[in-house]
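Asks: Compact mmCIF, C-alpha atoms, saved as run.txt, coming up:
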```txt
# COMPACT_ATOMS: atom_id res chain seq x y z
CA MET T 1 51.94 90.79 42.37
CA SER T 2 49.55 88.35 40.77
CA ALA T 3 47.52 86.04 42.96
CA GLU T 4 48.81 82.53 43.53
CA SER T 5 46.86 79.28 43.31
CA ARG T 6 44.45 78.73 46.18
CA PHE T 7 45.38 75.04 46.08
CA VAL T 8 49.10 75.56 46.71
CA VAL T 9 50.44 76.11 50.24
CA SER T 10 53.79 77.11 51.72
CA PRO T 11 56.04 75.12 54.08
CA ASP T 12 55.27 77.66 56.83
CA TRP T 13 51.52 77.12 56.32
CA VAL T 14 52.03 73.37 56.75
CA THR T 15 54.36 73.72 59.76
CA GLU T 16 51.77 75.81 61.61
CA ARG T 17 49.20 73.02 61.23
CA LEU T 18 51.27 69.90 61.92
CA ASN T 19 49.77 67.70 64.68
CA ARG T 20 46.40 69.45 64.54
CA PRO T 21 43.39 67.08 64.57
CA GLY T 22 41.98 66.60 61.08
CA PHE T 23 45.17 67.73 59.33
CA SER T 24 46.96 65.12 57.22
CA VAL T 25 50.09 65.10 55.06
CA ILE T 26 50.82 62.59 52.29
CA ASP T 27 54.07 61.93 50.46
CA ALA T 28 52.96 61.12 46.90
CA SER T 29 56.43 60.95 45.34
CA TRP T 30 56.67 58.89 42.16
CA TYR T 31 59.26 59.15 39.42
CA LEU T 32 60.09 58.04 35.91
CA PRO T 33 63.21 55.88 35.44
CA ALA T 34 65.01 58.88 33.93
CA HIS T 35 64.74 60.73 37.24
CA ASN T 36 66.90 58.10 38.96
CA ARG T 37 64.92 58.61 42.18
CA ASP T 38 62.92 56.17 44.32
CA GLY T 39 59.98 57.82 46.05
CA LYS T 40 59.35 55.04 48.56
CA ALA T 41 63.02 54.76 49.52
CA GLU T 42 63.33 58.52 49.94
CA TYR T 43 60.22 58.54 52.14
CA ALA T 44 61.78 55.89 54.40
CA GLU T 45 64.93 58.02 54.69
CA GLY T 46 62.99 61.11 55.73
CA HIS T 47 59.64 62.85 55.38
CA ILE T 48 57.50 65.62 56.82
CA PRO T 49 56.58 64.69 60.41
CA GLY T 50 53.47 62.51 60.44
CA ALA T 51 53.32 62.15 56.66
CA VAL T 52 52.12 58.83 55.26
CA PHE T 53 53.17 57.42 51.89
CA PHE T 54 50.97 56.93 48.83
CA ASP T 55 52.18 54.47 46.19
CA HIS T 56 50.69 55.37 42.80
CA ASP T 57 51.47 51.93 41.39
CA GLU T 58 49.95 49.93 44.26
CA ILE T 59 46.85 52.00 45.01
CA ALA T 60 45.55 51.57 41.50
CA ASP T 61 43.47 49.31 39.27
CA THR T 62 46.10 46.76 38.28
CA THR T 63 43.75 44.84 35.95
CA THR T 64 43.82 47.38 33.09
CA GLY T 65 47.30 46.60 31.80
CA LEU T 66 48.01 50.34 32.04
CA PRO T 67 50.19 52.06 34.65
CA HIS T 68 48.60 53.35 37.89
CA SER T 69 45.03 53.39 36.57
CA LEU T 70 42.29 55.01 38.62
CA PRO T 71 41.55 52.71 41.59
CA ALA T 72 38.04 51.60 42.51
CA PRO T 73 36.55 54.10 44.99
CA GLU T 74 36.08 51.46 47.71
CA PHE T 75 39.68 50.29 47.41
CA PHE T 76 41.00 53.85 47.43
CA ALA T 77 38.85 54.70 50.45
CA ALA T 78 40.08 51.64 52.37
CA GLU T 79 43.71 52.51 51.66
CA MET T 80 43.17 56.11 52.74
CA GLY T 81 41.47 54.91 55.91
CA LYS T 82 44.44 52.70 56.78
CA ARG T 83 46.61 55.80 56.49
CA GLY T 84 44.40 57.78 58.84
CA ILE T 85 42.91 59.94 56.08
CA SER T 86 39.26 60.98 56.00
CA GLU T 87 37.57 62.83 53.17
CA ARG T 88 36.72 65.46 55.80
CA HIS T 89 40.37 66.16 56.63
CA THR T 90 42.48 69.04 55.42
CA VAL T 91 45.09 67.20 53.33
CA VAL T 92 48.42 68.40 51.96
CA VAL T 93 50.18 66.26 49.35
CA TYR T 94 53.77 66.61 48.22
CA ASP T 95 56.49 65.04 46.11
CA GLY T 96 60.23 65.62 45.92
CA PRO T 97 60.62 68.46 43.38
CA GLY T 98 57.24 70.10 43.96
CA PHE T 99 55.00 69.54 40.95
CA PHE T 100 55.41 66.16 39.32
CA SER T 101 53.36 63.39 40.95
CA ALA T 102 51.73 65.25 43.87
CA PRO T 103 49.04 66.92 41.70
CA ARG T 104 47.88 63.44 40.61
CA LEU T 105 46.98 62.58 44.22
CA TRP T 106 45.51 66.06 44.72
CA TRP T 107 43.23 65.27 41.77
CA LEU T 108 42.50 61.71 42.95
CA LEU T 109 41.48 62.80 46.43
CA ARG T 110 39.13 65.43 45.04
CA VAL T 111 37.67 63.02 42.47
CA MET T 112 37.04 60.57 45.32
CA GLY T 113 35.19 63.09 47.48
CA ALA T 114 37.71 65.07 49.53
CA SER T 115 37.42 68.83 49.12
CA ASP T 116 40.04 70.48 51.35
CA VAL T 117 43.18 69.34 49.49
CA TYR T 118 46.39 71.22 48.75
CA VAL T 119 49.83 70.77 47.19
CA LEU T 120 53.03 71.80 48.99
CA ASN T 121 54.91 74.51 47.11
CA GLY T 122 58.56 73.59 46.60
CA GLY T 123 58.02 69.94 47.46
CA PHE T 124 60.07 68.02 50.01
CA ASP T 125 63.28 69.23 48.38
CA GLY T 126 62.25 72.80 49.16
CA TRP T 127 61.01 71.82 52.62
CA LYS T 128 64.43 70.46 53.56
CA ALA T 129 66.27 73.37 51.96
CA LYS T 130 64.39 75.79 54.21
CA GLY T 131 65.30 73.82 57.34
CA HIS T 132 61.84 72.56 58.22
CA PRO T 133 61.59 69.45 60.44
CA VAL T 134 62.17 66.00 58.96
CA GLU T 135 61.07 62.70 60.50
CA THR T 136 62.71 59.33 59.83
CA GLY T 137 60.51 57.01 61.89
CA LEU T 138 57.43 55.56 60.22
CA PRO T 139 54.16 56.99 61.59
CA GLU T 140 51.42 54.80 63.03
CA PRO T 141 48.27 56.69 62.09
CA GLN T 142 44.97 56.07 63.83
CA PRO T 143 42.67 54.40 61.26
CA ALA T 144 39.99 56.67 59.83
CA THR T 145 36.91 56.32 57.66
CA PHE T 146 37.08 57.74 54.16
CA THR T 147 33.63 57.84 52.54
CA PRO T 148 34.10 58.04 48.74
CA ARG T 149 31.87 60.09 46.47
CA LEU T 150 33.16 59.60 42.95
CA ALA T 151 33.00 62.64 40.65
CA ALA T 152 32.72 60.56 37.48
CA GLU T 153 32.35 63.64 35.29
CA ARG T 154 35.99 64.52 36.06
CA ILE T 155 37.26 61.27 34.51
CA THR T 156 37.45 60.66 30.76
CA SER T 157 37.37 57.07 29.50
CA PHE T 158 38.87 55.75 26.27
CA SER T 159 35.49 55.65 24.51
CA ALA T 160 34.73 59.21 25.60
CA MET T 161 38.19 60.31 24.46
CA ARG T 162 37.63 58.78 21.04
CA ASP T 163 34.37 60.75 20.76
CA ILE T 164 36.11 63.96 21.86
CA VAL T 165 38.82 63.55 19.24
CA ALA T 166 36.23 62.86 16.55
CA SER T 167 33.88 65.71 17.48
CA GLY T 168 36.21 68.36 18.93
CA SER T 169 33.68 68.80 21.74
CA ARG T 170 36.42 69.45 24.30
CA GLN T 171 39.85 71.00 23.99
CA ILE T 172 42.71 68.54 24.60
CA ALA T 173 45.73 69.67 26.65
CA ASP T 174 48.70 67.26 26.51
CA ALA T 175 51.26 67.59 29.33
CA ARG T 176 54.07 65.59 27.71
CA GLY T 177 57.27 67.28 26.62
CA PRO T 178 57.33 68.90 23.16
CA GLY T 179 59.65 66.24 21.75
CA ARG T 180 57.27 63.41 22.59
CA PHE T 181 54.24 65.45 21.53
CA ALA T 182 55.77 66.08 18.09
CA ALA T 183 57.13 62.51 17.75
CA GLU T 184 60.65 63.90 17.61
CA ASP T 185 61.61 62.01 20.78
CA PRO T 186 60.80 58.32 21.35
CA GLU T 187 58.22 57.24 23.87
CA PRO T 188 59.75 55.77 27.06
CA ARG T 189 57.53 52.70 26.89
CA PRO T 190 58.62 49.99 24.40
CA GLY T 191 56.43 49.57 21.33
CA MET T 192 54.51 52.78 21.91
CA ARG T 193 53.64 54.86 18.87
CA ALA T 194 54.77 58.48 18.98
CA GLY T 195 52.83 61.66 18.32
CA HIS T 196 49.63 63.15 19.72
CA MET T 197 45.86 63.03 19.37
CA PRO T 198 44.36 65.09 16.54
CA GLY T 199 43.44 68.54 17.84
CA ALA T 200 45.57 68.33 20.99
CA LYS T 201 47.54 71.31 22.24
CA ASN T 202 50.89 70.90 23.96
CA LEU T 203 51.23 72.29 27.50
CA PRO T 204 54.37 70.63 28.94
CA ALA T 205 54.00 69.86 32.64
CA ALA T 206 57.42 71.31 33.42
CA ALA T 207 56.28 74.77 32.25
CA PHE T 208 53.87 75.20 35.17
CA SER T 209 56.51 75.55 37.87
CA LYS T 210 59.91 77.14 38.27
CA ASP T 211 62.49 75.99 40.82
CA GLY T 212 59.83 73.78 42.40
CA ARG T 213 57.32 76.60 42.85
CA PHE T 214 54.00 76.82 41.03
CA LEU T 215 53.56 79.82 38.74
CA ALA T 216 51.37 82.75 39.71
CA ASN T 217 47.88 82.80 38.20
CA ASP T 218 48.66 85.41 35.55
CA GLU T 219 51.62 83.30 34.40
CA LEU T 220 49.40 80.21 34.28
CA LYS T 221 46.84 82.04 32.16
CA ALA T 222 49.58 83.14 29.76
CA LEU T 223 50.55 79.49 29.23
CA PHE T 224 47.00 78.58 28.23
CA ASP T 225 46.69 81.64 26.02
CA ASP T 226 49.96 80.86 24.26
CA ALA T 227 48.88 77.25 23.68
CA GLY T 228 45.55 78.34 22.18
CA ILE T 229 43.40 76.97 25.01
CA ASP T 230 40.18 78.93 25.54
CA LEU T 231 39.40 78.95 29.28
CA ASP T 232 35.73 79.57 28.53
CA ARG T 233 35.46 76.14 26.91
CA PRO T 234 35.74 72.60 28.36
CA VAL T 235 39.16 70.94 28.55
CA VAL T 236 40.34 67.36 28.90
CA THR T 237 43.90 66.85 30.14
CA SER T 238 46.23 64.05 29.09
CA CYS T 239 49.90 63.04 29.41
CA GLY T 240 51.93 59.83 29.25
CA SER T 241 50.17 57.82 31.93
CA GLY T 242 47.70 60.10 33.70
CA VAL T 243 50.09 61.56 36.30
CA THR T 244 51.36 64.90 34.97
CA ALA T 245 48.04 65.65 33.26
CA ALA T 246 46.89 66.58 36.77
CA ILE T 247 49.38 69.46 36.77
CA ILE T 248 47.36 71.05 33.97
CA THR T 249 44.18 70.26 35.92
CA LEU T 250 45.64 72.01 38.96
CA ALA T 251 46.44 75.05 36.83
CA LEU T 252 42.94 75.09 35.32
CA GLU T 253 41.26 74.85 38.71
CA SER T 254 43.59 77.54 40.07
CA LEU T 255 42.18 79.86 37.40
CA GLY T 256 38.58 78.98 38.27
CA HIS T 257 38.09 76.62 35.32
CA GLU T 258 35.77 73.82 36.48
CA ASP T 259 34.56 72.18 33.25
CA ASN T 260 37.58 69.91 32.93
CA SER T 261 38.32 66.19 33.09
CA LEU T 262 41.40 63.97 32.99
CA TYR T 263 41.92 61.18 30.46
CA ASP T 264 43.14 58.48 32.83
CA GLY T 265 44.51 56.11 30.17
CA SER T 266 46.38 58.98 28.50
CA TRP T 267 49.07 58.20 25.91
CA SER T 268 49.82 54.79 27.44
CA GLU T 269 46.37 53.74 26.25
CA TRP T 270 45.92 55.89 23.13
CA GLY T 271 49.43 55.38 21.75
CA GLY T 272 49.49 51.73 22.75
CA ARG T 273 46.60 50.82 20.46
CA ASP T 274 46.71 50.36 16.70
CA ASP T 275 43.20 51.69 16.03
CA THR T 276 43.61 55.29 17.19
CA ALA T 277 44.35 58.37 15.11
CA ILE T 278 47.78 59.92 15.69
CA VAL T 279 49.29 63.16 14.42
CA THR T 280 53.01 63.97 14.36
CA GLY T 281 54.76 67.33 14.30
CA LYS T 282 54.00 70.41 16.35
CA ALA T 283 50.38 71.42 16.72
```
Here is the file; what I need is its structure written in the form of structure tokens.
Replies:
Amino acid sequence: MSAESRFVVSPDWVTERLNRPGFSVIDASWYLPAHNRDGKAEYAEGHIPGAVFFDHDEIADTTTGLPHSLPAPEFFAAEMGKRGISERHTVVVYDGPGFFSAPRLWWLLRVMGASDVYVLNGGFDGWKAKGHPVETGLPEPQPATFTPRLAAERITSFSAMRDIVASGSRQIADARGPGRFAAEDPEPRPGMRAGHMPGAKNLPAAAFSKDGRFLANDELKALFDDAGIDLDRPVVTSCGSGVTAAIITLALESLGHEDNSLYDGSWSEWGGRDDTAIVTGKA
């Protein structure tokens, strides 16, 4: 059997470590309107014992006019500290289905200086299905100190993205669904142009997991090969708003690919402007 991602852990692995000093669990559930789910409400109804909640919309830079933009390191660190999270902790993040919004926080924590960070395979839906313990009371974590060390090279700005598109210096992997990528389906945000950046390859986020479980490494590599992504060259990941792009990042890192960055503004920024090049149809 092919090796699995070193960043993905099982419910049993988490259960064995619950209540250990320096071990933290974060519910990072966030959903699109089409999911008809409320991450914060579901957390209040039940969560992994001791898990704290991370709100992608609140712990963000709200001045950009874009959804859940990368927060300032000091703000992020303060919010983590309130939740009892240190950059030295072993941290497991999860969402409901397994691999939708959790990889975004996995990426954020690592960009901000944490190194021992994992994603729960199967998500909270899988956790409950296997009969693992669920807590309904809200935890009161002991405040901690999170010392941020921003890995700026892992973040791609709009100006850098414009240069990448013009020069082809990095491969572009777009995590949106094929209909949105090809401009066959409308964008969910009003007034947003449809299509993709010139040169981008489509790697739909949903393809990286099956029944809530992340694919094995050989299956991940096959996805990149089929999409025409060369793992020996640099990659920038993108999506609708910077959330599911991190699923591609997780897959890249799982395969040992380190020369990658995430375009935080993603299609919300690129497609929301009138001065950016857009291509329609399948790549």
Asks: Do you know which residues are at most 7 Å from range 130-141 of chain T counting only C-alpha atoms, after dropping those on the same chain fewer than 5 positions away, and could you put them as a ChimeraX atom specification?
Replies: /T:44-50,52,83-84
Asks: Could you tell me which of T:Ala60, T:Trp106, T:Trp127, T:Val91 comes closest to Asp12 in chain T if we count only C-alpha atoms?
Replies: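 That would be T:Trp127, the residue with the smallest distance to Asp12 in chain T.
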Asks: I'd like to know which of T:Ala277, T:Val93, T:Ala175, T:Leu108 is closest to Ile247 in chain T, using only C-alpha atoms.
Replies: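 Checking each of T:Ala277, T:Val93, T:Ala175, T:Leu108 against Ile247 in chain T, counting only C-alpha atoms, the winner is T:Ala175.
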Asks: Up to 10 Å from (45.4, 78.2, 45.9) in the file's coordinates: name the residues, counting only C-alpha atoms, as a list in words.
Replies: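 Using only C-alpha atoms, the matching residues come out as Ala3, Glu4, Ser5, Arg6, Phe7, Val8, Val9, Val117, Tyr118, Val119, Phe214, Ala216, Asn217, Leu250, Ala251, Glu253, Ser254 and Leu255 of chain T.
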Asks: Pick out the closest residue to Met112 in chain T from this set: T:Lys128, T:Arg233, T:Arg213, T:Arg149. Count all atoms listed in the file.
Replies: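 For Met112 in chain T, the nearest of the candidates is T:Arg149.
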Asks: Taking all atoms of range 22-25 of chain T that appear in the file, build a box with edges along x, y and z, extend it by 4 Å on every side, and state its centre and edge lengths in Å to one decimal, as JSON.
Replies:
```
{"center_x": 46.0, "center_y": 66.4, "center_z": 58.1, "size_x": 16.1, "size_y": 10.6, "size_z": 14.0}
```
Asks: Go through T:Arg193, T:Lys40, T:Lys221, T:Lys282 and flag the residue nearest Glu58 in chain T, using all atoms listed in the file for the distances.
Replies: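 For Glu58 in chain T, the nearest of the candidates is T:Lys40.
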Asks: Any idea what the distance is between CA of His257 in chain T and CA of Pro234 in chain T?
Replies: 8.4 Å
Asks: Point out the residue among T:Lys201, T:Arg154, T:Arg170, T:Arg176 with the least atom-to-atom distance to Thr249 in chain T, counting only C-alpha atoms.
Replies: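 Residue with the minimum atom-to-atom distance to Thr249 in chain T: T:Arg154.
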Asks: Could you check the closest approach to Ala200 in chain T for each of T:Thr280, T:Asn260, T:Thr244, T:Thr15 and tell me which residue wins, using all atoms listed in the file?
Replies: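 Of all the options, T:Thr280 lies closest to Ala200 in chain T.
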Asks: For the point (42.0, 65.9, 28.5) in the file's frame, write as an mmCIF file with C-alpha atoms, keeping the file's coordinate frame all residues with an atom no more than 8 Å away, counting all atoms listed in the file.
Replies:
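Dumped to part.cif:
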```cif
data_model
loop_
_atom_site.group_PDB
_atom_site.id
_atom_site.type_symbol
_atom_site.label_atom_id
_atom_site.label_comp_id
_atom_site.auth_asym_id
_atom_site.auth_seq_id
_atom_site.Cartn_x
_atom_site.Cartn_y
_atom_site.Cartn_z
ATOM 1 C CA THR T 156 37.450 60.660 30.760
ATOM 2 C CA MET T 161 38.190 60.310 24.460
ATOM 3 C CA ARG T 170 36.420 69.450 24.300
ATOM 4 C CA GLN T 171 39.850 71.000 23.990
ATOM 5 C CA ILE T 172 42.710 68.540 24.600
ATOM 6 C CA ALA T 173 45.730 69.670 26.650
ATOM 7 C CA ASP T 174 48.700 67.260 26.510
ATOM 8 C CA VAL T 235 39.160 70.940 28.550
ATOM 9 C CA VAL T 236 40.340 67.360 28.900
ATOM 10 C CA THR T 237 43.900 66.850 30.140
ATOM 11 C CA SER T 238 46.230 64.050 29.090
ATOM 12 C CA ALA T 245 48.040 65.650 33.260
ATOM 13 C CA ASN T 260 37.580 69.910 32.930
ATOM 14 C CA SER T 261 38.320 66.190 33.090
ATOM 15 C CA LEU T 262 41.400 63.970 32.990
ATOM 16 C CA TYR T 263 41.920 61.180 30.460
#
```
Asks: Could you name the residues that touch Glu74 in chain T at 10 Å or less, counting only C-alpha atoms, but leaving out those on the same chain fewer than 6 positions away, as a list of chain:residue names?
Replies: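 Everything that qualifies: T:Met80, T:Met112, T:Phe146, T:Thr147, T:Pro148, T:Arg149, T:Leu150.
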Asks: For range 182-193 of chain T, which lacks atoms in the input, supply all heavy atoms and format the output as a compact mmCIF listing (two decimals), in the frame of the given file.
Replies:
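Written file, part10.txt:
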```
# COMPACT_ATOMS: atom_id res chain seq x y z
N ALA T 182 55.53 65.94 19.53
CA ALA T 182 55.77 66.08 18.09
C ALA T 182 56.31 64.82 17.43
O ALA T 182 56.52 64.79 16.22
CB ALA T 182 56.74 67.24 17.84
N ALA T 183 56.54 63.77 18.24
CA ALA T 183 57.13 62.51 17.75
C ALA T 183 58.58 62.69 17.32
O ALA T 183 59.10 61.91 16.53
CB ALA T 183 56.30 61.89 16.63
N GLU T 184 59.22 63.70 17.88
CA GLU T 184 60.65 63.90 17.61
C GLU T 184 61.51 63.12 18.60
O GLU T 184 62.66 62.79 18.32
CB GLU T 184 60.98 65.40 17.68
CG GLU T 184 60.31 66.21 16.58
CD GLU T 184 60.43 67.70 16.80
OE1 GLU T 184 60.94 68.10 17.88
OE2 GLU T 184 60.02 68.47 15.90
N ASP T 185 60.94 62.83 19.78
CA ASP T 185 61.61 62.01 20.78
C ASP T 185 60.83 60.71 20.94
O ASP T 185 59.59 60.72 20.84
CB ASP T 185 61.66 62.72 22.14
CG ASP T 185 62.51 63.98 22.11
OD1 ASP T 185 63.36 64.09 21.20
OD2 ASP T 185 62.31 64.84 22.98
N PRO T 186 61.50 59.59 21.18
CA PRO T 186 60.80 58.32 21.35
C PRO T 186 60.01 58.27 22.66
O PRO T 186 60.37 58.94 23.63
CB PRO T 186 61.93 57.29 21.34
CG PRO T 186 63.12 58.05 21.86
CD PRO T 186 62.97 59.44 21.32
N GLU T 187 58.97 57.48 22.64
CA GLU T 187 58.22 57.24 23.87
C GLU T 187 59.05 56.36 24.80
O GLU T 187 59.77 55.47 24.34
CB GLU T 187 56.89 56.55 23.55
CG GLU T 187 55.85 57.47 22.97
CD GLU T 187 55.40 58.53 23.96
OE1 GLU T 187 55.08 58.17 25.12
OE2 GLU T 187 55.38 59.71 23.60
N PRO T 188 58.96 56.58 26.12
CA PRO T 188 59.75 55.77 27.06
C PRO T 188 59.27 54.33 27.20
O PRO T 188 60.03 53.48 27.68
CB PRO T 188 59.60 56.53 28.39
CG PRO T 188 58.32 57.28 28.26
CD PRO T 188 58.20 57.64 26.81
N ARG T 189 58.05 54.06 26.77
CA ARG T 189 57.53 52.70 26.89
C ARG T 189 57.73 51.95 25.57
O ARG T 189 57.35 52.44 24.51
CB ARG T 189 56.04 52.73 27.28
CG ARG T 189 55.82 53.32 28.66
CD ARG T 189 54.36 53.53 28.98
NE ARG T 189 54.21 54.06 30.32
CZ ARG T 189 54.32 55.36 30.63
NH1 ARG T 189 54.55 56.24 29.69
NH2 ARG T 189 54.19 55.75 31.88
N PRO T 190 58.31 50.75 25.62
CA PRO T 190 58.62 49.99 24.40
C PRO T 190 57.38 49.74 23.56
O PRO T 190 56.30 49.43 24.08
CB PRO T 190 59.19 48.68 24.94
CG PRO T 190 59.69 49.01 26.31
CD PRO T 190 58.75 50.04 26.83
N GLY T 191 57.52 49.87 22.25
CA GLY T 191 56.43 49.57 21.33
C GLY T 191 55.35 50.62 21.23
O GLY T 191 54.36 50.43 20.51
N MET T 192 55.52 51.73 21.91
CA MET T 192 54.51 52.78 21.91
C MET T 192 54.67 53.68 20.69
O MET T 192 55.78 54.12 20.38
CB MET T 192 54.65 53.63 23.18
CG MET T 192 53.53 54.62 23.41
SD MET T 192 52.03 53.84 24.05
CE MET T 192 52.65 53.13 25.57
N ARG T 193 53.58 53.91 19.98
CA ARG T 193 53.64 54.86 18.87
C ARG T 193 53.86 56.27 19.39
O ARG T 193 53.48 56.59 20.52
CB ARG T 193 52.33 54.79 18.06
CG ARG T 193 52.14 53.45 17.33
CD ARG T 193 50.91 53.51 16.44
NE ARG T 193 49.69 53.69 17.22
CZ ARG T 193 48.54 54.12 16.72
NH1 ARG T 193 48.45 54.48 15.44
NH2 ARG T 193 47.48 54.23 17.48
```
